[in-house]
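Structure record follows, encoded as structure tokens.
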Amino acid sequence: MKTAKRPPAKNSLFKNFLIFFVVFLLIASIFSLYEAGSEEAEKINLSQLIDYINQEEVKTIEVSGDKITVTLNDDSQKETRKEPSESFSALISNYEVDQEKLQKLDISIKEDSSASVWLNTLLPFLIPFLLIGAFIWFMLRQVQGANNRAMSFGQSGAKMLNPDTKQKTNFNDIAGAKEAKEELQEVVEFLKNPQKFLSMGAKIPKGVLLLGAPGTGKTLLARAVAGEAKVPFFHISGSEFVEMFVGVGASRVRDLFRKAKKSAPCIIFIDEIDAVGRQRGAGLGGSHDEREQTLNQILVEMDGFEVDTNIILIAATNRPDVLDPALLRPGRFDRQVIIDMPDIKDRQAILEVHAKNKPLASEVELHTIAQRTPGFSGADLANLLNEAAILAAKQDKKKISMDDLIESIEKVMMGPQRKSRVFSDQEKKIVAYHESGHAMVAHLLPNTDPVHKISIISRGRAAGYTMKLPLEDRYLKSQKEFYDELAVMLAGYITEKEIFAEVTTGASNDLKEATNLARQLITQYGMSEVLGPRTFGQKEEMIFLGREIHERRDYSEKVAESIDKEISKLIAEASKKAKEVITENRITLDKIANTLLEKETLEKEEFAALFKK
């Protein structure tokens, strides 16, 4: 849930106080300078002034308003005051002053300047009004800012990407996803030249839904469409619509489309649309009126009464199964572009794109790295090269070597090495035989993937690991391959039992994976001769205080008993097959285990050489 951002009140209050304090100091300094200039002369009374004149000690007299400044013969200054309405000559006439001595004096009458009048009369009255007015202005400004935030609460936070920006993404910047780019190229052509399609009676597609696993490049493809079409591009996340107040999400949708209509033709991209596009009225985990109202508004904006809007909505999700059917019907999301995981050629192309700004050693073969990374997405491959660069930098290398890349593959797949994890000699021997059993059964059975590496160095949660990688990308798997895979999974457990006459907790994850695979063979793939070609159970997702997968049974208790028997039968047959291989090749198993205890890691060539001997 995303809440509106509010400015910190403490910082605003401190800022206002600081401004008031600075203004006060400025006014005080002006007054202090003005007063300082008037306090330079010594104060005297009129009687003293008459005495100075009679004693001929006065050099000049300057009259400015009610202030009389006297300069004596020794250049010292004295100051006195008179009544503002009385002139200096009338004042002198009231005292006994020798006229001859008075005529010898240099007397000057100076009128008050406008600045002096302003400082003396107007400023003392204006300052309080100015301070009160400034205080009221600041208060009104704060209230206006709060009102503006309240009014903008229902506005969308979509960011607009200008088509004239220099940092644009094009289809040439994206490796792989050839079919997806071809589908999206039609959208680009429609935005560039709509008349070409309208002349044939074709309508502009309302929406394009990008479907794919996380990291396959959905957001990157949407940016590329904007870069190719050279039209305004509004992008926002689905979670930014949903608020704690009902109606805010719908208001933001209306505001988003209102902005887009002003910039049409344009593209709106909503990332992770499943945040607001989930199926309505599912009854799981309670209702959410805010999300449903937001979805209703999106549906209306996409295909309501306004049919002439030149706006294309692109959305991305990795959960198409939870989307509302109204979103997926023609007229709303007309195109559904599926972005698959990259195959070996695409992986190599993606690696080449991300390796452009990285110094690679001459022995690096990206094709080999692509072979070793089946199932990796584009984001995984970018992370792989980044980890390799970090590893090379930590070792003060100038270039990234092949060893750095191979190490990064294992780090991304299983986690970093845990060399600080110290095993006893007995535990190390158990792990060595356990992994040797996996590797030997995988090598000798005909329908398994080749073994590329064996290690008893702990990574992540695993005490050791056996890496098996296919020679090529495969999308279908046969029943024989599944059965041999089950035997490989159980080989570590069987090896521990045969060699040490007991089992440890190290095989717990193998048993869990083998049981799950056996259940899938029976209940999902229809590979049971007893139960026949059908599926059993329907899984439903329930989101309430977390994620829970609930299975709804569509079979009887008697069938459930048969399923359990078939699963146990598959596990028993796979265990028997693994035991036969281990028993018949005990000498080779000992060689592999002893070599592992000595070297801790065996690569593909070293492992295969043990069988040749």
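Chain lettering (A, B, ...) mirrors the order of the structure tokens, residue numbering begins at 1 for each chain separately, and ligand numbering begins at 1 in order of display.
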Report task. For Ala578 of chain A, list every protein, DNA or RNA residue within 10 Å, evaluated using only C-alpha atoms, and leave out those in the same chain fewer than 4 positions away; present the list as a list in words. Result -> Gly437, His438, Met440, Val441, Ala442, Leu445, Asp484, Leu486, Ala487, Val488, Met489, Leu490, Ala491, Gly492, Tyr493, Ile494, Thr495, Ala572, Glu573, Ala574, Ile582 and Thr583 of chain A
Query - Residues within 8 Å of Leu531 of chain A, only C-alpha atoms, excluding chain neighbours under 2 positions, as a VMD selection string - result: chain A and resid 522 526 528 to 529 533 to 534 562 to 563
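Among the candidates A:Leu211, A:Ala462, A:Ala608, A:Leu46, the residue lying nearest to Ala507 of chain A is A:Ala462 (atoms considered: only C-alpha atoms).
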Query raised in the report: What's the 10 Å shell around Ser436 of chain A, counting only C-alpha atoms, without same-chain residues fewer than 5 positions away, as a PyMOL selection string?
Result: chain A and resi 430-431+441-442+454-456+465-466+491-492+495+582+588-596+607
Query raised in the report: To one decimal place, how far is atom CA of Leu327 of chain A from atom CA of Leu256 of chain A in Å?
Result: 17.9 Å
Query raised in the report: By how many Å are atom CA of Lys397 of chain A and atom CA of Ile409 of chain A apart?
Result: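 These atoms are spaced 18.7 Å apart.
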Glu365 of chain A environment, 12 Å, only C-alpha atoms, sequence neighbours closer than 2 positions dropped, as a PDB file with C-alpha atoms, in the first residue's frame:
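Resulting contents of out_21.pdb:
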ATOM      1  CA  GLN A 348      24.841 -15.484 -25.990  1.00  0.00           C
ATOM      2  CA  LEU A 351      25.795 -11.694 -22.759  1.00  0.00           C
ATOM      3  CA  GLU A 352      27.441  -9.826 -25.646  1.00  0.00           C
ATOM      4  CA  ALA A 355      29.733  -7.347 -21.898  1.00  0.00           C
ATOM      5  CA  LEU A 360      37.052  -9.535 -21.005  1.00  0.00           C
ATOM      6  CA  ALA A 361      40.147 -11.687 -21.236  1.00  0.00           C
ATOM      7  CA  SER A 362      41.022 -13.251 -24.580  1.00  0.00           C
ATOM      8  CA  GLU A 363      40.198 -16.804 -23.382  1.00  0.00           C
ATOM      9  CA  HIS A 367      29.099 -19.315 -26.050  1.00  0.00           C
ATOM     10  CA  THR A 368      30.364 -21.633 -23.314  1.00  0.00           C
ATOM     11  CA  ILE A 369      28.854 -19.396 -20.672  1.00  0.00           C
ATOM     12  CA  ALA A 370      25.551 -19.462 -22.570  1.00  0.00           C
ATOM     13  CA  GLN A 371      25.696 -23.275 -22.597  1.00  0.00           C
ATOM     14  CA  ARG A 372      26.190 -23.346 -18.833  1.00  0.00           C
ATOM     15  CA  ILE A 400      37.531 -10.602 -16.388  1.00  0.00           C
ATOM     16  CA  SER A 401      38.687 -14.186 -16.859  1.00  0.00           C
ATOM     17  CA  MET A 402      36.757 -17.362 -17.670  1.00  0.00           C
ATOM     18  CA  ASP A 403      37.220 -18.586 -14.093  1.00  0.00           C
ATOM     19  CA  LEU A 405      32.515 -16.066 -15.047  1.00  0.00           C
ATOM     20  CA  ILE A 406      32.207 -19.742 -14.079  1.00  0.00           C
TER      21      ILE A 406
END
Query raised in the report: Any idea what's packed within 6 Å of segment 450-452 of chain A, counting only C-alpha atoms, ignoring anything in its chain fewer than 2 positions away? Could you give it as a list in words?
Result: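 That gives Met467, Lys468, Leu469 and Lys604 of chain A.
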Dump of C-alpha atoms for the selected residues, as a short mmCIF file (atom, residue, chain, number, x, y, z; two decimals), in the first residue's frame:
data_model
loop_
_atom_site.label_atom_id
_atom_site.label_comp_id
_atom_site.auth_asym_id
_atom_site.auth_seq_id
_atom_site.Cartn_x
_atom_site.Cartn_y
_atom_site.Cartn_z
CA MET A 467 25.99 -29.54 -11.43
CA LYS A 468 24.21 -31.18 -14.38
CA LEU A 469 23.58 -29.12 -17.51
CA LYS A 604 33.77 -32.32 -16.28
#
Report task. Could you please write out, as a ChimeraX atom specification, every residue of segment 294-359 of chain A that DSSP assigns to alpha helix (DSSP H)? Result -> /A:294-302,325-328,344-354
Spatial neighbours of Gly537 of chain A, 6 Å, only C-alpha atoms, chain gap at least 2 places, as a short mmCIF file (atom, residue, chain, number, x, y, z; two decimals) with C-alpha atoms, in the first residue's frame:
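Here's the written file around-v1.cif:
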data_model
loop_
_atom_site.label_atom_id
_atom_site.label_comp_id
_atom_site.auth_asym_id
_atom_site.auth_seq_id
_atom_site.Cartn_x
_atom_site.Cartn_y
_atom_site.Cartn_z
CA ARG A 552 -9.18 -28.65 -4.36
CA ARG A 553 -9.72 -32.38 -4.64
CA ASP A 554 -11.69 -33.69 -7.57
#
**Report entry** Residues within 12 Å of Glu42 of chain A, only C-alpha atoms, excluding chain neighbours under 6 positions, as a PyMOL selection string
**Finding:** chain A and resi 48-49+68-72+76-81
Write to file, as a compact mmCIF listing (two decimals), in the first residue's frame, the residues of the selection just made, with N, CA and C atoms.
# COMPACT_ATOMS: atom_id res chain seq x y z
N GLN A 48 24.89 75.73 28.47
CA GLN A 48 26.29 75.46 28.15
C GLN A 48 26.65 75.98 26.76
N LEU A 49 25.68 75.87 25.81
CA LEU A 49 25.91 76.37 24.47
C LEU A 49 26.12 77.90 24.50
N ILE A 68 20.97 70.52 17.25
CA ILE A 68 21.99 71.56 17.08
C ILE A 68 23.35 70.92 17.34
N THR A 69 24.20 70.92 16.33
CA THR A 69 25.53 70.32 16.45
C THR A 69 26.54 71.46 16.52
N VAL A 70 27.36 71.47 17.58
CA VAL A 70 28.32 72.54 17.84
C VAL A 70 29.73 71.97 17.69
N THR A 71 30.55 72.65 16.89
CA THR A 71 31.95 72.26 16.74
C THR A 71 32.81 73.32 17.42
N LEU A 72 33.58 72.93 18.39
CA LEU A 72 34.42 73.86 19.16
C LEU A 72 35.74 74.09 18.43
N SER A 76 36.28 69.39 18.72
CA SER A 76 35.35 68.49 19.42
C SER A 76 33.93 68.93 19.13
N GLN A 77 33.00 67.97 19.15
CA GLN A 77 31.61 68.25 18.82
C GLN A 77 30.73 68.06 20.04
N LYS A 78 29.78 68.99 20.13
CA LYS A 78 28.77 68.92 21.18
C LYS A 78 27.40 68.93 20.49
N GLU A 79 26.42 68.40 21.19
CA GLU A 79 25.09 68.30 20.60
C GLU A 79 24.05 68.67 21.63
N THR A 80 23.04 69.43 21.17
CA THR A 80 21.93 69.80 22.04
C THR A 80 20.66 69.80 21.21
N ARG A 81 19.54 69.98 21.88
CA ARG A 81 18.24 69.92 21.23
C ARG A 81 17.47 71.21 21.49
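Of the residues in segment 265-443 of chain A, those given strand (DSSP E or B) by DSSP on the backbone are A:Cys266, A:Ile267, A:Ile268, A:Phe269, A:Ile270, A:Asp271, A:Arg278, A:Ile311, A:Ile312, A:Leu313, A:Ile314, A:Ala315, A:Ala316, A:Thr317, A:Leu323, A:Arg335, A:Gln336, A:Val337, A:Ile338, A:Ile339, A:Leu360, A:Ile400, A:Gln417.
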Residues of the last selection are to be written out with N, CA and C atoms, as a JSON list (two decimals), in the first residue's frame.
[["chain", "number", "residue", "atom", "x", "y", "z"],
["A", 266, "CYS", "N", 0.03, 8.63, -27.97],
["A", 266, "CYS", "CA", 1.03, 8.36, -26.94],
["A", 266, "CYS", "C", 0.86, 6.94, -26.43],
["A", 267, "ILE", "N", 1.76, 6.56, -25.53],
["A", 267, "ILE", "CA", 1.76, 5.22, -24.94],
["A", 267, "ILE", "C", 1.69, 5.36, -23.42],
["A", 268, "ILE", "N", 0.82, 4.55, -22.81],
["A", 268, "ILE", "CA", 0.78, 4.43, -21.34],
["A", 268, "ILE", "C", 1.29, 3.04, -20.98],
["A", 269, "PHE", "N", 2.26, 2.98, -20.10],
["A", 269, "PHE", "CA", 2.81, 1.69, -19.67],
["A", 269, "PHE", "C", 2.53, 1.50, -18.18],
["A", 270, "ILE", "N", 1.82, 0.43, -17.85],
["A", 270, "ILE", "CA", 1.52, 0.08, -16.46],
["A", 270, "ILE", "C", 2.30, -1.18, -16.12],
["A", 271, "ASP", "N", 3.28, -1.05, -15.26],
["A", 271, "ASP", "CA", 4.08, -2.20, -14.85],
["A", 271, "ASP", "C", 3.40, -2.92, -13.69],
["A", 278, "ARG", "N", -6.38, -7.88, -10.58],
["A", 278, "ARG", "CA", -6.76, -9.23, -10.15],
["A", 278, "ARG", "C", -8.26, -9.45, -10.35],
["A", 311, "ILE", "N", -4.64, 6.32, -28.03],
["A", 311, "ILE", "CA", -3.76, 5.96, -26.91],
["A", 311, "ILE", "C", -3.63, 4.45, -26.87],
["A", 312, "ILE", "N", -2.39, 3.96, -26.75],
["A", 312, "ILE", "CA", -2.14, 2.53, -26.63],
["A", 312, "ILE", "C", -1.65, 2.26, -25.21],
["A", 313, "LEU", "N", -2.29, 1.32, -24.56],
["A", 313, "LEU", "CA", -1.93, 0.94, -23.21],
["A", 313, "LEU", "C", -1.11, -0.34, -23.25],
["A", 314, "ILE", "N", 0.10, -0.28, -22.72],
["A", 314, "ILE", "CA", 0.97, -1.47, -22.61],
["A", 314, "ILE", "C", 1.08, -1.82, -21.14],
["A", 315, "ALA", "N", 0.84, -3.06, -20.81],
["A", 315, "ALA", "CA", 0.93, -3.53, -19.42],
["A", 315, "ALA", "C", 1.81, -4.76, -19.37],
["A", 316, "ALA", "N", 2.42, -4.95, -18.20],
["A", 316, "ALA", "CA", 3.32, -6.10, -18.02],
["A", 316, "ALA", "C", 2.95, -6.83, -16.74],
["A", 317, "THR", "N", 3.04, -8.15, -16.79],
["A", 317, "THR", "CA", 2.78, -8.96, -15.60],
["A", 317, "THR", "C", 3.44, -10.32, -15.78],
["A", 323, "LEU", "N", -5.38, -12.43, -13.55],
["A", 323, "LEU", "CA", -6.00, -11.23, -14.10],
["A", 323, "LEU", "C", -7.49, -11.44, -14.34],
["A", 335, "ARG", "N", -3.69, -7.51, -27.82],
["A", 335, "ARG", "CA", -2.48, -8.30, -28.07],
["A", 335, "ARG", "C", -1.93, -8.83, -26.75],
["A", 336, "GLN", "N", -1.58, -10.07, -26.75],
["A", 336, "GLN", "CA", -0.89, -10.67, -25.62],
["A", 336, "GLN", "C", 0.44, -11.22, -26.13],
["A", 337, "VAL", "N", 1.50, -10.52, -25.78],
["A", 337, "VAL", "CA", 2.84, -10.87, -26.26],
["A", 337, "VAL", "C", 3.55, -11.67, -25.18],
["A", 338, "ILE", "N", 3.87, -12.91, -25.49],
["A", 338, "ILE", "CA", 4.53, -13.80, -24.53],
["A", 338, "ILE", "C", 6.04, -13.70, -24.74],
["A", 339, "ILE", "N", 6.75, -13.41, -23.67],
["A", 339, "ILE", "CA", 8.22, -13.29, -23.71],
["A", 339, "ILE", "C", 8.80, -14.50, -22.99],
["A", 360, "LEU", "N", 37.00, -8.08, -21.08],
["A", 360, "LEU", "CA", 37.05, -9.53, -21.01],
["A", 360, "LEU", "C", 38.41, -10.03, -21.48],
["A", 400, "ILE", "N", 38.38, -9.53, -16.93],
["A", 400, "ILE", "CA", 37.53, -10.60, -16.39],
["A", 400, "ILE", "C", 37.91, -11.90, -17.08],
["A", 417, "GLN", "N", 30.40, -19.21, -1.91],
["A", 417, "GLN", "CA", 31.07, -20.28, -1.17],
["A", 417, "GLN", "C", 31.13, -19.95, 0.32]]
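As for atom CA of Arg329 of chain A and atom CA of Phe257 of chain A, they are spaced 20.2 Å apart.
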**Report entry** Counting only C-alpha atoms, the option among A:Glu183, A:Glu496, A:Glu481, A:Glu228 closest to Phe171 of chain A
**Finding:**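 Closest candidate: A:Glu228.
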